[in-house]
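*Asks:* Provided herewith: model.txt, compact mmCIF, N, CA and C atoms.
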```txt
# COMPACT_ATOMS: atom_id res chain seq x y z
N MET A 72 -64.04 -7.89 6.13
CA MET A 72 -62.99 -8.44 6.97
C MET A 72 -62.16 -9.45 6.19
N LEU A 73 -62.78 -10.25 5.35
CA LEU A 73 -62.06 -11.25 4.59
C LEU A 73 -61.11 -10.60 3.58
N GLN A 74 -61.52 -9.50 2.98
CA GLN A 74 -60.64 -8.80 2.04
C GLN A 74 -59.40 -8.27 2.76
N PHE A 75 -59.54 -7.81 3.98
CA PHE A 75 -58.39 -7.33 4.74
C PHE A 75 -57.38 -8.46 4.94
N LEU A 76 -57.86 -9.65 5.26
CA LEU A 76 -56.96 -10.79 5.45
C LEU A 76 -56.24 -11.16 4.16
N LYS A 77 -56.92 -11.10 3.05
CA LYS A 77 -56.29 -11.42 1.77
C LYS A 77 -55.17 -10.44 1.45
N LYS A 78 -55.39 -9.17 1.70
CA LYS A 78 -54.36 -8.16 1.42
C LYS A 78 -53.15 -8.35 2.31
N SER A 79 -53.34 -8.75 3.56
CA SER A 79 -52.22 -8.86 4.48
C SER A 79 -51.37 -10.10 4.24
N LYS A 80 -51.84 -11.02 3.41
CA LYS A 80 -51.08 -12.24 3.15
C LYS A 80 -50.15 -12.12 1.95
N LYS A 81 -49.92 -10.91 1.48
CA LYS A 81 -48.99 -10.73 0.37
C LYS A 81 -47.62 -11.20 0.78
N ARG A 82 -46.91 -11.79 -0.16
CA ARG A 82 -45.56 -12.27 0.12
C ARG A 82 -44.60 -11.11 0.23
N SER A 83 -43.76 -11.19 1.19
CA SER A 83 -42.73 -10.18 1.38
C SER A 83 -41.54 -10.48 0.48
N LYS A 84 -40.88 -9.44 0.00
CA LYS A 84 -39.68 -9.62 -0.81
C LYS A 84 -38.51 -10.11 0.03
N LEU A 85 -38.65 -10.03 1.34
CA LEU A 85 -37.56 -10.39 2.24
C LEU A 85 -37.62 -11.84 2.70
N THR A 86 -38.54 -12.63 2.18
CA THR A 86 -38.70 -13.98 2.69
C THR A 86 -37.53 -14.89 2.33
N LYS A 87 -36.91 -14.69 1.19
CA LYS A 87 -35.77 -15.52 0.80
C LYS A 87 -34.53 -14.64 0.74
N SER A 88 -33.62 -14.92 1.64
CA SER A 88 -32.40 -14.12 1.70
C SER A 88 -31.38 -14.65 0.71
N GLY A 89 -30.93 -13.77 -0.16
CA GLY A 89 -29.92 -14.14 -1.14
C GLY A 89 -28.62 -13.43 -0.85
N VAL A 90 -28.25 -13.34 0.42
CA VAL A 90 -27.04 -12.62 0.80
C VAL A 90 -25.83 -13.54 0.66
N SER A 91 -24.77 -12.98 0.07
CA SER A 91 -23.50 -13.69 -0.06
C SER A 91 -22.41 -12.83 0.57
N TRP A 92 -21.45 -13.48 1.23
CA TRP A 92 -20.35 -12.78 1.87
C TRP A 92 -19.03 -13.21 1.24
N TYR A 93 -18.14 -12.22 1.05
CA TYR A 93 -16.84 -12.47 0.45
C TYR A 93 -15.76 -11.75 1.25
N ASP A 94 -14.58 -12.33 1.29
CA ASP A 94 -13.46 -11.69 1.95
C ASP A 94 -13.20 -10.33 1.29
N ALA A 95 -12.91 -9.33 2.09
CA ALA A 95 -12.69 -7.97 1.57
C ALA A 95 -11.30 -7.49 2.00
N SER A 96 -10.27 -8.06 1.39
CA SER A 96 -8.90 -7.70 1.77
C SER A 96 -8.58 -6.25 1.42
N ASP A 97 -9.23 -5.71 0.38
CA ASP A 97 -9.00 -4.30 0.04
C ASP A 97 -9.49 -3.38 1.16
N ILE A 98 -10.59 -3.72 1.78
CA ILE A 98 -11.13 -2.93 2.88
C ILE A 98 -10.26 -3.12 4.12
N PHE A 99 -9.74 -4.33 4.30
CA PHE A 99 -8.86 -4.58 5.44
C PHE A 99 -7.60 -3.71 5.36
N GLN A 100 -7.08 -3.51 4.17
CA GLN A 100 -5.92 -2.63 3.99
C GLN A 100 -6.26 -1.20 4.40
N ASP A 101 -7.46 -0.75 4.05
CA ASP A 101 -7.90 0.58 4.47
C ASP A 101 -7.99 0.67 5.99
N LEU A 102 -8.51 -0.40 6.62
CA LEU A 102 -8.60 -0.43 8.08
C LEU A 102 -7.21 -0.35 8.72
N GLN A 103 -6.26 -1.09 8.17
CA GLN A 103 -4.89 -1.06 8.68
C GLN A 103 -4.33 0.36 8.63
N GLU A 104 -4.56 1.02 7.53
CA GLU A 104 -4.08 2.39 7.36
C GLU A 104 -4.73 3.34 8.37
N ILE A 105 -6.02 3.20 8.57
CA ILE A 105 -6.74 4.06 9.51
C ILE A 105 -6.27 3.82 10.94
N VAL A 106 -6.19 2.55 11.34
CA VAL A 106 -5.80 2.20 12.71
C VAL A 106 -4.38 2.68 12.99
N THR A 107 -3.48 2.49 12.04
CA THR A 107 -2.09 2.93 12.21
C THR A 107 -1.99 4.45 12.27
N THR A 108 -2.62 5.13 11.33
CA THR A 108 -2.55 6.59 11.25
C THR A 108 -3.15 7.25 12.48
N LEU A 109 -4.30 6.75 12.94
CA LEU A 109 -4.97 7.35 14.10
C LEU A 109 -4.45 6.79 15.43
N ASN A 110 -3.50 5.87 15.35
CA ASN A 110 -2.87 5.29 16.55
C ASN A 110 -3.92 4.67 17.48
N LEU A 111 -4.80 3.86 16.90
CA LEU A 111 -5.84 3.18 17.67
C LEU A 111 -5.27 1.86 18.19
N LYS A 112 -4.43 1.96 19.21
CA LYS A 112 -3.68 0.81 19.72
C LYS A 112 -4.56 -0.26 20.34
N HIS A 113 -5.75 0.10 20.77
CA HIS A 113 -6.63 -0.88 21.40
C HIS A 113 -7.24 -1.85 20.40
N ILE A 114 -7.13 -1.56 19.12
CA ILE A 114 -7.72 -2.43 18.10
C ILE A 114 -6.68 -3.42 17.60
N ASN A 115 -6.93 -4.68 17.86
CA ASN A 115 -6.05 -5.76 17.43
C ASN A 115 -6.55 -6.26 16.07
N LEU A 116 -5.91 -5.80 15.01
CA LEU A 116 -6.39 -6.13 13.66
C LEU A 116 -6.27 -7.61 13.32
N GLU A 117 -5.49 -8.36 14.08
CA GLU A 117 -5.42 -9.81 13.86
C GLU A 117 -6.75 -10.47 14.22
N LYS A 118 -7.55 -9.78 15.00
CA LYS A 118 -8.83 -10.32 15.44
C LYS A 118 -10.01 -9.54 14.88
N VAL A 119 -9.75 -8.83 13.78
CA VAL A 119 -10.82 -8.13 13.06
C VAL A 119 -10.86 -8.68 11.65
N LYS A 120 -11.99 -9.18 11.23
CA LYS A 120 -12.17 -9.72 9.89
C LYS A 120 -13.10 -8.78 9.12
N VAL A 121 -12.89 -8.72 7.80
CA VAL A 121 -13.70 -7.82 6.98
C VAL A 121 -14.32 -8.62 5.83
N PHE A 122 -15.62 -8.43 5.66
CA PHE A 122 -16.35 -9.10 4.58
C PHE A 122 -17.13 -8.07 3.78
N ARG A 123 -17.32 -8.38 2.52
CA ARG A 123 -18.19 -7.60 1.64
C ARG A 123 -19.41 -8.48 1.38
N SER A 124 -20.59 -7.92 1.62
CA SER A 124 -21.82 -8.69 1.37
C SER A 124 -22.50 -8.15 0.12
N ILE A 125 -23.17 -9.05 -0.55
CA ILE A 125 -23.94 -8.71 -1.74
C ILE A 125 -25.34 -9.29 -1.56
N GLY A 126 -26.35 -8.47 -1.78
CA GLY A 126 -27.73 -8.94 -1.72
C GLY A 126 -28.45 -8.64 -0.42
N SER A 127 -27.85 -7.89 0.47
CA SER A 127 -28.51 -7.56 1.73
C SER A 127 -29.60 -6.52 1.49
N GLN A 128 -30.66 -6.59 2.26
CA GLN A 128 -31.75 -5.63 2.16
C GLN A 128 -31.59 -4.48 3.16
N SER A 129 -30.52 -4.49 3.92
CA SER A 129 -30.30 -3.47 4.94
C SER A 129 -30.07 -2.10 4.31
N ARG A 130 -30.42 -1.05 5.05
CA ARG A 130 -30.18 0.32 4.58
C ARG A 130 -28.78 0.78 4.93
N ALA A 131 -28.07 0.03 5.76
CA ALA A 131 -26.74 0.42 6.23
C ALA A 131 -25.72 0.33 5.10
N ARG A 132 -24.66 1.09 5.24
CA ARG A 132 -23.52 1.00 4.31
C ARG A 132 -22.53 -0.02 4.80
N ALA A 133 -22.42 -0.14 6.10
CA ALA A 133 -21.54 -1.11 6.74
C ALA A 133 -22.10 -1.40 8.13
N ARG A 134 -21.64 -2.49 8.71
CA ARG A 134 -22.03 -2.80 10.08
C ARG A 134 -20.93 -3.63 10.72
N ILE A 135 -20.92 -3.59 12.04
CA ILE A 135 -19.92 -4.34 12.78
C ILE A 135 -20.64 -5.41 13.59
N TRP A 136 -20.03 -6.58 13.65
CA TRP A 136 -20.60 -7.71 14.36
C TRP A 136 -19.72 -8.02 15.57
N ALA A 137 -20.34 -8.22 16.71
CA ALA A 137 -19.63 -8.51 17.95
C ALA A 137 -19.50 -10.02 18.14
N PHE A 138 -18.66 -10.39 19.08
CA PHE A 138 -18.47 -11.78 19.47
C PHE A 138 -18.65 -11.82 20.99
N PRO A 139 -19.90 -11.96 21.45
CA PRO A 139 -20.21 -11.84 22.88
C PRO A 139 -19.43 -12.82 23.76
N ARG A 140 -19.27 -12.42 25.00
CA ARG A 140 -18.47 -13.20 25.96
C ARG A 140 -18.96 -14.64 26.12
N ILE A 141 -20.26 -14.85 26.07
CA ILE A 141 -20.77 -16.22 26.23
C ILE A 141 -20.25 -17.12 25.11
N TRP A 142 -20.17 -16.60 23.89
CA TRP A 142 -19.63 -17.36 22.77
C TRP A 142 -18.12 -17.54 22.92
N GLN A 143 -17.45 -16.50 23.40
CA GLN A 143 -16.02 -16.61 23.64
C GLN A 143 -15.72 -17.74 24.62
N GLN A 144 -16.49 -17.79 25.69
CA GLN A 144 -16.28 -18.83 26.70
C GLN A 144 -16.66 -20.20 26.17
N ALA A 145 -17.77 -20.29 25.48
CA ALA A 145 -18.24 -21.58 24.97
C ALA A 145 -17.26 -22.19 23.97
N LEU A 146 -16.68 -21.34 23.12
CA LEU A 146 -15.77 -21.82 22.08
C LEU A 146 -14.30 -21.69 22.46
N ASN A 147 -14.05 -21.15 23.66
CA ASN A 147 -12.70 -20.94 24.16
C ASN A 147 -11.86 -20.14 23.17
N LEU A 148 -12.40 -19.01 22.73
CA LEU A 148 -11.73 -18.13 21.78
C LEU A 148 -11.66 -16.71 22.33
N PRO A 149 -10.66 -15.94 21.92
CA PRO A 149 -10.58 -14.54 22.36
C PRO A 149 -11.58 -13.68 21.60
N PRO A 150 -11.75 -12.43 22.02
CA PRO A 150 -12.69 -11.53 21.34
C PRO A 150 -12.29 -11.30 19.88
N HIS A 151 -13.30 -11.21 19.03
CA HIS A 151 -13.12 -10.92 17.61
C HIS A 151 -14.22 -9.95 17.17
N TYR A 152 -14.00 -9.32 16.05
CA TYR A 152 -15.01 -8.44 15.44
C TYR A 152 -15.05 -8.72 13.95
N ILE A 153 -16.21 -8.53 13.37
CA ILE A 153 -16.38 -8.63 11.92
C ILE A 153 -16.96 -7.30 11.45
N ILE A 154 -16.31 -6.71 10.46
CA ILE A 154 -16.86 -5.53 9.82
C ILE A 154 -17.35 -5.96 8.45
N GLU A 155 -18.62 -5.70 8.21
CA GLU A 155 -19.26 -6.07 6.94
C GLU A 155 -19.57 -4.79 6.18
N VAL A 156 -19.09 -4.71 4.95
CA VAL A 156 -19.48 -3.59 4.09
C VAL A 156 -20.50 -4.13 3.10
N LEU A 157 -21.59 -3.40 2.92
CA LEU A 157 -22.66 -3.83 2.03
C LEU A 157 -22.38 -3.25 0.65
N SER A 158 -22.03 -4.11 -0.26
CA SER A 158 -21.51 -3.72 -1.57
C SER A 158 -22.39 -2.71 -2.28
N GLU A 159 -23.69 -2.92 -2.28
CA GLU A 159 -24.60 -2.04 -3.01
C GLU A 159 -24.61 -0.62 -2.45
N LYS A 160 -24.34 -0.47 -1.17
CA LYS A 160 -24.38 0.85 -0.54
C LYS A 160 -22.98 1.44 -0.32
N PHE A 161 -21.95 0.60 -0.27
CA PHE A 161 -20.61 1.05 0.10
C PHE A 161 -19.69 1.28 -1.10
N ASP A 162 -19.72 0.40 -2.06
CA ASP A 162 -18.73 0.42 -3.14
C ASP A 162 -18.78 1.67 -4.01
N HIS A 163 -19.92 2.28 -4.15
CA HIS A 163 -20.04 3.47 -5.01
C HIS A 163 -19.59 4.77 -4.31
N LEU A 164 -19.32 4.71 -3.00
CA LEU A 164 -18.93 5.91 -2.25
C LEU A 164 -17.55 6.39 -2.69
N SER A 165 -17.29 7.67 -2.46
CA SER A 165 -15.96 8.21 -2.72
C SER A 165 -14.97 7.60 -1.73
N ARG A 166 -13.70 7.71 -2.03
CA ARG A 166 -12.66 7.15 -1.16
C ARG A 166 -12.76 7.76 0.25
N ASP A 167 -12.97 9.07 0.33
CA ASP A 167 -13.09 9.73 1.64
C ASP A 167 -14.31 9.24 2.41
N ASP A 168 -15.44 9.10 1.73
CA ASP A 168 -16.65 8.62 2.41
C ASP A 168 -16.49 7.18 2.89
N LYS A 169 -15.78 6.37 2.13
CA LYS A 169 -15.50 5.00 2.57
C LYS A 169 -14.70 5.02 3.87
N LYS A 170 -13.72 5.90 3.93
CA LYS A 170 -12.90 6.02 5.15
C LYS A 170 -13.76 6.47 6.33
N ARG A 171 -14.67 7.41 6.08
CA ARG A 171 -15.56 7.87 7.15
C ARG A 171 -16.42 6.71 7.68
N VAL A 172 -16.95 5.91 6.78
CA VAL A 172 -17.78 4.78 7.19
C VAL A 172 -16.95 3.80 8.02
N LEU A 173 -15.74 3.53 7.60
CA LEU A 173 -14.88 2.59 8.35
C LEU A 173 -14.51 3.16 9.72
N ILE A 174 -14.23 4.45 9.78
CA ILE A 174 -13.94 5.08 11.08
C ILE A 174 -15.16 4.94 11.99
N HIS A 175 -16.34 5.17 11.44
CA HIS A 175 -17.56 5.01 12.22
C HIS A 175 -17.65 3.61 12.82
N GLU A 176 -17.40 2.60 12.00
CA GLU A 176 -17.50 1.22 12.50
C GLU A 176 -16.43 0.93 13.54
N LEU A 177 -15.22 1.45 13.36
CA LEU A 177 -14.15 1.24 14.33
C LEU A 177 -14.47 1.89 15.68
N LEU A 178 -15.23 2.97 15.67
CA LEU A 178 -15.62 3.63 16.92
C LEU A 178 -16.52 2.75 17.78
N HIS A 179 -17.11 1.73 17.20
CA HIS A 179 -17.96 0.81 17.96
C HIS A 179 -17.15 -0.20 18.77
N ILE A 180 -15.84 -0.29 18.52
CA ILE A 180 -14.99 -1.23 19.25
C ILE A 180 -14.55 -0.55 20.55
N PRO A 181 -14.87 -1.17 21.69
CA PRO A 181 -14.51 -0.54 22.97
C PRO A 181 -13.00 -0.58 23.23
N LYS A 182 -12.54 0.30 24.12
CA LYS A 182 -11.11 0.41 24.44
C LYS A 182 -10.54 -0.89 25.01
N ASN A 183 -11.37 -1.70 25.67
CA ASN A 183 -10.87 -2.95 26.24
C ASN A 183 -10.94 -4.13 25.27
N PHE A 184 -11.40 -3.90 24.04
CA PHE A 184 -11.47 -4.92 22.99
C PHE A 184 -12.06 -6.23 23.54
N SER A 185 -13.22 -6.11 24.14
CA SER A 185 -13.84 -7.22 24.88
C SER A 185 -14.71 -8.14 24.03
N GLY A 186 -15.03 -7.72 22.83
CA GLY A 186 -15.97 -8.49 22.02
C GLY A 186 -17.35 -7.87 22.02
N SER A 187 -17.57 -6.89 22.88
CA SER A 187 -18.86 -6.20 22.91
C SER A 187 -18.79 -4.99 21.97
N LEU A 188 -19.86 -4.23 21.92
CA LEU A 188 -19.92 -3.05 21.06
C LEU A 188 -20.26 -1.80 21.86
N VAL A 189 -19.73 -0.68 21.43
CA VAL A 189 -20.05 0.62 22.00
C VAL A 189 -21.28 1.15 21.26
N SER A 190 -22.25 1.64 22.02
CA SER A 190 -23.48 2.16 21.42
C SER A 190 -23.23 3.52 20.78
N HIS A 191 -24.21 3.99 20.02
CA HIS A 191 -24.08 5.31 19.40
C HIS A 191 -24.11 6.44 20.44
N ARG A 192 -24.86 6.23 21.51
CA ARG A 192 -24.98 7.27 22.53
C ARG A 192 -24.77 6.66 23.90
N GLY A 193 -23.87 7.25 24.64
CA GLY A 193 -23.63 6.83 26.01
C GLY A 193 -23.45 8.04 26.89
N ARG A 194 -23.19 7.80 28.13
CA ARG A 194 -23.04 8.89 29.09
C ARG A 194 -21.87 9.80 28.72
N TYR A 195 -20.77 9.23 28.25
CA TYR A 195 -19.56 10.02 28.00
C TYR A 195 -19.12 10.02 26.54
N HIS A 196 -19.93 9.53 25.65
CA HIS A 196 -19.50 9.47 24.25
C HIS A 196 -20.69 9.58 23.31
N ARG A 197 -20.39 9.91 22.07
CA ARG A 197 -21.35 9.92 20.97
C ARG A 197 -20.63 9.42 19.73
N ILE A 198 -21.27 8.53 19.01
CA ILE A 198 -20.77 8.14 17.70
C ILE A 198 -21.75 8.75 16.71
N ASN A 199 -21.33 9.85 16.10
CA ASN A 199 -22.18 10.56 15.16
C ASN A 199 -21.31 11.19 14.09
N SER A 200 -21.92 11.94 13.20
CA SER A 200 -21.16 12.53 12.09
C SER A 200 -20.09 13.50 12.59
N ARG A 201 -20.35 14.15 13.69
CA ARG A 201 -19.37 15.10 14.23
C ARG A 201 -18.12 14.38 14.73
N SER A 202 -18.30 13.31 15.51
CA SER A 202 -17.14 12.56 16.02
C SER A 202 -16.38 11.87 14.89
N VAL A 203 -17.11 11.36 13.92
CA VAL A 203 -16.46 10.71 12.77
C VAL A 203 -15.68 11.75 11.96
N GLU A 204 -16.27 12.90 11.72
CA GLU A 204 -15.60 13.93 10.93
C GLU A 204 -14.35 14.45 11.64
N MET A 205 -14.40 14.56 12.95
CA MET A 205 -13.23 14.98 13.70
C MET A 205 -12.07 14.00 13.51
N LEU A 206 -12.36 12.71 13.64
CA LEU A 206 -11.32 11.70 13.44
C LEU A 206 -10.87 11.62 11.98
N PHE A 207 -11.80 11.80 11.06
CA PHE A 207 -11.42 11.77 9.64
C PHE A 207 -10.47 12.92 9.31
N ASN A 208 -10.75 14.11 9.83
CA ASN A 208 -9.86 15.25 9.60
C ASN A 208 -8.48 15.02 10.22
N LEU A 209 -8.44 14.41 11.40
CA LEU A 209 -7.17 14.06 12.03
C LEU A 209 -6.42 13.04 11.17
N TYR A 210 -7.15 12.05 10.65
CA TYR A 210 -6.57 11.03 9.77
C TYR A 210 -5.97 11.69 8.52
N ARG A 211 -6.72 12.58 7.88
CA ARG A 211 -6.23 13.25 6.66
C ARG A 211 -5.02 14.12 6.97
N HIS A 212 -5.03 14.77 8.11
CA HIS A 212 -3.93 15.65 8.49
C HIS A 212 -2.64 14.85 8.74
N LYS A 213 -2.76 13.70 9.40
CA LYS A 213 -1.60 12.88 9.72
C LYS A 213 -1.07 12.10 8.53
N LYS A 214 -1.92 11.83 7.58
CA LYS A 214 -1.55 10.99 6.43
C LYS A 214 -0.58 11.64 5.51
```
Go through the file and emit its structure as structure tokens.

*Replies:*
Amino acid sequence: MLQFLKKSKKRSKLTKSGVSWYDASDIFQDLQEIVTTLNLKHINLEKVKVFRSIGSQSRARARIWAFPRIWQQALNLPPHYIIEVLSEKFDHLSRDDKKRVLIHELLHIPKNFSGSLVSHRGRYHRINSRSVEMLFNLYRHKK
């Protein structure tokens, strides 16, 4: 029993987070192009910020951060979103795959731009490779 306890006390590599975030204006330009081309009028890009992170242990290529209503009320601010691209997983992708990832993250923003997030699966929607590919093909066709 004592040996089991000794083995379980190994230090995790995740104990010290060395994540750094940087402004990603290049990605923001891509978002502007996508939103304009796909005519996503519900997305207010003045309230969407984009960061590139380095050192994250996440398996994701990108993620979107919400600004819940309680925080909006507490700070007296309108809804905002943050899109984070994880440099180690995102930067090496092809230009088309980067666009697909960004389209995926934009699909999480609800039509009412409330600060909440749309889940991957709901009663009337799915955010999956099929829905992303459909929008990506529309984007390429319109561009």

*Asks:* Calculate how many Å separate atom CA of A:Leu111 from atom CA of A:His163, rounding to one decimal.

*Replies:*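 Between atom CA of A:Leu111 and atom CA of A:His163 the gap is 26.8 Å.
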
*Asks:* Hey, what's within 6.5 Å of A:Val90 if we count all atoms listed in the file and toss same-chain stuff fewer than 4 positions away? As a ChimeraX atom specification, please?

*Replies:* /A:124-127

*Asks:* Quick one: residues within 8 Å of A:Lys182, only N, CA and C atoms counted, chain neighbours fewer than 3 positions away excluded, as a count of residues only?

*Replies:* 7

*Asks:* Could you give me, as a PyMOL selection string, the residues within 12 Å of A:Pro150, counting only C-alpha atoms and dropping anything in the same chain fewer than 4 positions from it?

*Replies:* chain A and resi 114-120+136-144+146+180-181+183-188

*Asks:* Please identify which residues in stretch 104-174 of chain A DSSP calls strand (DSSP E) from the backbone, and express them as a list in words.

*Replies:*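 Of stretch 104-174 of chain A, only Val119, Lys120, Val121, Phe122, Arg123, Ser124, Ile125, Ala133, Arg134, Ile135, Trp136, Tyr152, Ile153, Ile154, Glu155, Val156 and Leu157 of chain A fall in strand (DSSP E).
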
*Asks:* By how many Å are atom CA of A:Ser96 and atom CA of A:Val121 apart?

*Replies:*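 These two atoms are separated by 7.1 Å.
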
*Asks:* Hey, what's within 12 Å of A:Leu206 if we count only C-alpha atoms and toss same-chain stuff fewer than 4 positions away? As number ranges by chain, please?

*Replies:* A: 105-106, 108-111, 170-175, 177-178, 198-202, 210-213

*Asks:* The selected residues should be written to file as a short mmCIF file (atom, residue, chain, number, x, y, z; two decimals), keeping the file's coordinate frame (atoms: N, CA and C atoms).

*Replies:*
```
data_model
loop_
_atom_site.label_atom_id
_atom_site.label_comp_id
_atom_site.auth_asym_id
_atom_site.auth_seq_id
_atom_site.Cartn_x
_atom_site.Cartn_y
_atom_site.Cartn_z
N ILE A 105 -6.02 3.20 8.57
CA ILE A 105 -6.74 4.06 9.51
C ILE A 105 -6.27 3.82 10.94
N VAL A 106 -6.19 2.55 11.34
CA VAL A 106 -5.80 2.20 12.71
C VAL A 106 -4.38 2.68 12.99
N THR A 108 -2.62 5.13 11.33
CA THR A 108 -2.55 6.59 11.25
C THR A 108 -3.15 7.25 12.48
N LEU A 109 -4.30 6.75 12.94
CA LEU A 109 -4.97 7.35 14.10
C LEU A 109 -4.45 6.79 15.43
N ASN A 110 -3.50 5.87 15.35
CA ASN A 110 -2.87 5.29 16.55
C ASN A 110 -3.92 4.67 17.48
N LEU A 111 -4.80 3.86 16.90
CA LEU A 111 -5.84 3.18 17.67
C LEU A 111 -5.27 1.86 18.19
N LYS A 170 -13.72 5.90 3.93
CA LYS A 170 -12.90 6.02 5.15
C LYS A 170 -13.76 6.47 6.33
N ARG A 171 -14.67 7.41 6.08
CA ARG A 171 -15.56 7.87 7.15
C ARG A 171 -16.42 6.71 7.68
N VAL A 172 -16.95 5.91 6.78
CA VAL A 172 -17.78 4.78 7.19
C VAL A 172 -16.95 3.80 8.02
N LEU A 173 -15.74 3.53 7.60
CA LEU A 173 -14.88 2.59 8.35
C LEU A 173 -14.51 3.16 9.72
N ILE A 174 -14.23 4.45 9.78
CA ILE A 174 -13.94 5.08 11.08
C ILE A 174 -15.16 4.94 11.99
N HIS A 175 -16.34 5.17 11.44
CA HIS A 175 -17.56 5.01 12.22
C HIS A 175 -17.65 3.61 12.82
N LEU A 177 -15.22 1.45 13.36
CA LEU A 177 -14.15 1.24 14.33
C LEU A 177 -14.47 1.89 15.68
N LEU A 178 -15.23 2.97 15.67
CA LEU A 178 -15.62 3.63 16.92
C LEU A 178 -16.52 2.75 17.78
N ILE A 198 -21.27 8.53 19.01
CA ILE A 198 -20.77 8.14 17.70
C ILE A 198 -21.75 8.75 16.71
N ASN A 199 -21.33 9.85 16.10
CA ASN A 199 -22.18 10.56 15.16
C ASN A 199 -21.31 11.19 14.09
N SER A 200 -21.92 11.94 13.20
CA SER A 200 -21.16 12.53 12.09
C SER A 200 -20.09 13.50 12.59
N ARG A 201 -20.35 14.15 13.69
CA ARG A 201 -19.37 15.10 14.23
C ARG A 201 -18.12 14.38 14.73
N SER A 202 -18.30 13.31 15.51
CA SER A 202 -17.14 12.56 16.02
C SER A 202 -16.38 11.87 14.89
N TYR A 210 -7.15 12.05 10.65
CA TYR A 210 -6.57 11.03 9.77
C TYR A 210 -5.97 11.69 8.52
N ARG A 211 -6.72 12.58 7.88
CA ARG A 211 -6.23 13.25 6.66
C ARG A 211 -5.02 14.12 6.97
N HIS A 212 -5.03 14.77 8.11
CA HIS A 212 -3.93 15.65 8.49
C HIS A 212 -2.64 14.85 8.74
N LYS A 213 -2.76 13.70 9.40
CA LYS A 213 -1.60 12.88 9.72
C LYS A 213 -1.07 12.10 8.53
#
```

*Asks:* Using DSSP secondary structure from the backbone, list all helix (DSSP H, G or I) positions within chain A, as a ChimeraX atom specification.

*Replies:* /A:73-79,96-108,116-118,140-146,158-161,166-177,200-213

*Asks:* Residues at most 8 Å from A:Ile135, counting only C-alpha atoms, excluding those fewer than 4 positions away in the same chain, as a VMD selection string?

*Replies:* chain A and resid 152 to 155 176 179

*Asks:* Grab the atom N of A:Leu164 to atom CA of A:His151 distance for me, in Å with one decimal place.

*Replies:*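 Distance between the two atoms: 26.6 Å.
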
*Asks:* I'd like the box whose edges run along x, y and z of the file and which contains every listed atom of stretch 95-99 of chain A, padded by 8 Å per side; could you state its centre and edge lengths in Å, one decimal, as AutoDock Vina command-line options?

*Replies:*
```
--center_x -10.3 --center_y -6.1 --center_z 2.7 --size_x 21.3 --size_y 22.4 --size_z 21.4
```

*Asks:* List as a ChimeraX atom specification: which residues have an atom within 9 Å of (-30.4, -6.5, 4.7), counting only C-alpha atoms?

*Replies:* /A:85,88,90,126-131,157

*Asks:* Using only C-alpha atoms, find the one residue out of A:Arg123, A:Arg132, A:His191, A:Arg197 that sits nearest to A:Lys169.

*Replies:*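 Looking only at the distances to A:Lys169, the closest residue turns out to be A:Arg132.
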
*Asks:* Step by step: locate stretch 181-211 of chain A in the block above, keep C-alpha atoms, then write the file as a short mmCIF file (atom, residue, chain, number, x, y, z; two decimals), in the first residue's frame.

*Replies:*
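Output (out.cif):
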```
data_model
loop_
_atom_site.label_atom_id
_atom_site.label_comp_id
_atom_site.auth_asym_id
_atom_site.auth_seq_id
_atom_site.Cartn_x
_atom_site.Cartn_y
_atom_site.Cartn_z
CA PRO A 181 -24.93 33.05 -30.90
CA LYS A 182 -27.11 35.13 -33.25
CA ASN A 183 -28.02 37.52 -30.41
CA PHE A 184 -24.32 38.18 -29.56
CA SER A 185 -25.16 37.89 -25.87
CA GLY A 186 -21.77 36.93 -24.48
CA SER A 187 -22.75 33.28 -24.10
CA LEU A 188 -21.61 30.39 -26.30
CA VAL A 189 -23.42 28.00 -28.62
CA SER A 190 -22.71 24.36 -27.80
CA HIS A 191 -21.50 21.80 -30.33
CA ARG A 192 -24.83 20.00 -30.28
CA GLY A 193 -28.26 21.46 -29.76
CA ARG A 194 -31.81 20.74 -30.72
CA TYR A 195 -31.61 22.66 -34.00
CA HIS A 196 -27.90 22.90 -34.75
CA ARG A 197 -24.59 21.05 -34.91
CA ILE A 198 -21.11 22.49 -34.94
CA ASN A 199 -19.08 19.77 -36.58
CA SER A 200 -16.81 19.18 -39.56
CA ARG A 201 -19.79 19.02 -41.90
CA SER A 202 -21.20 22.42 -40.90
CA VAL A 203 -17.74 23.99 -40.93
CA GLU A 204 -16.94 22.53 -44.35
CA MET A 205 -20.22 23.81 -45.76
CA LEU A 206 -19.44 27.36 -44.62
CA PHE A 207 -15.81 27.07 -45.73
CA ASN A 208 -16.91 26.07 -49.25
CA LEU A 209 -19.34 29.01 -49.31
CA TYR A 210 -16.52 31.30 -48.15
CA ARG A 211 -14.17 30.02 -50.89
#
```
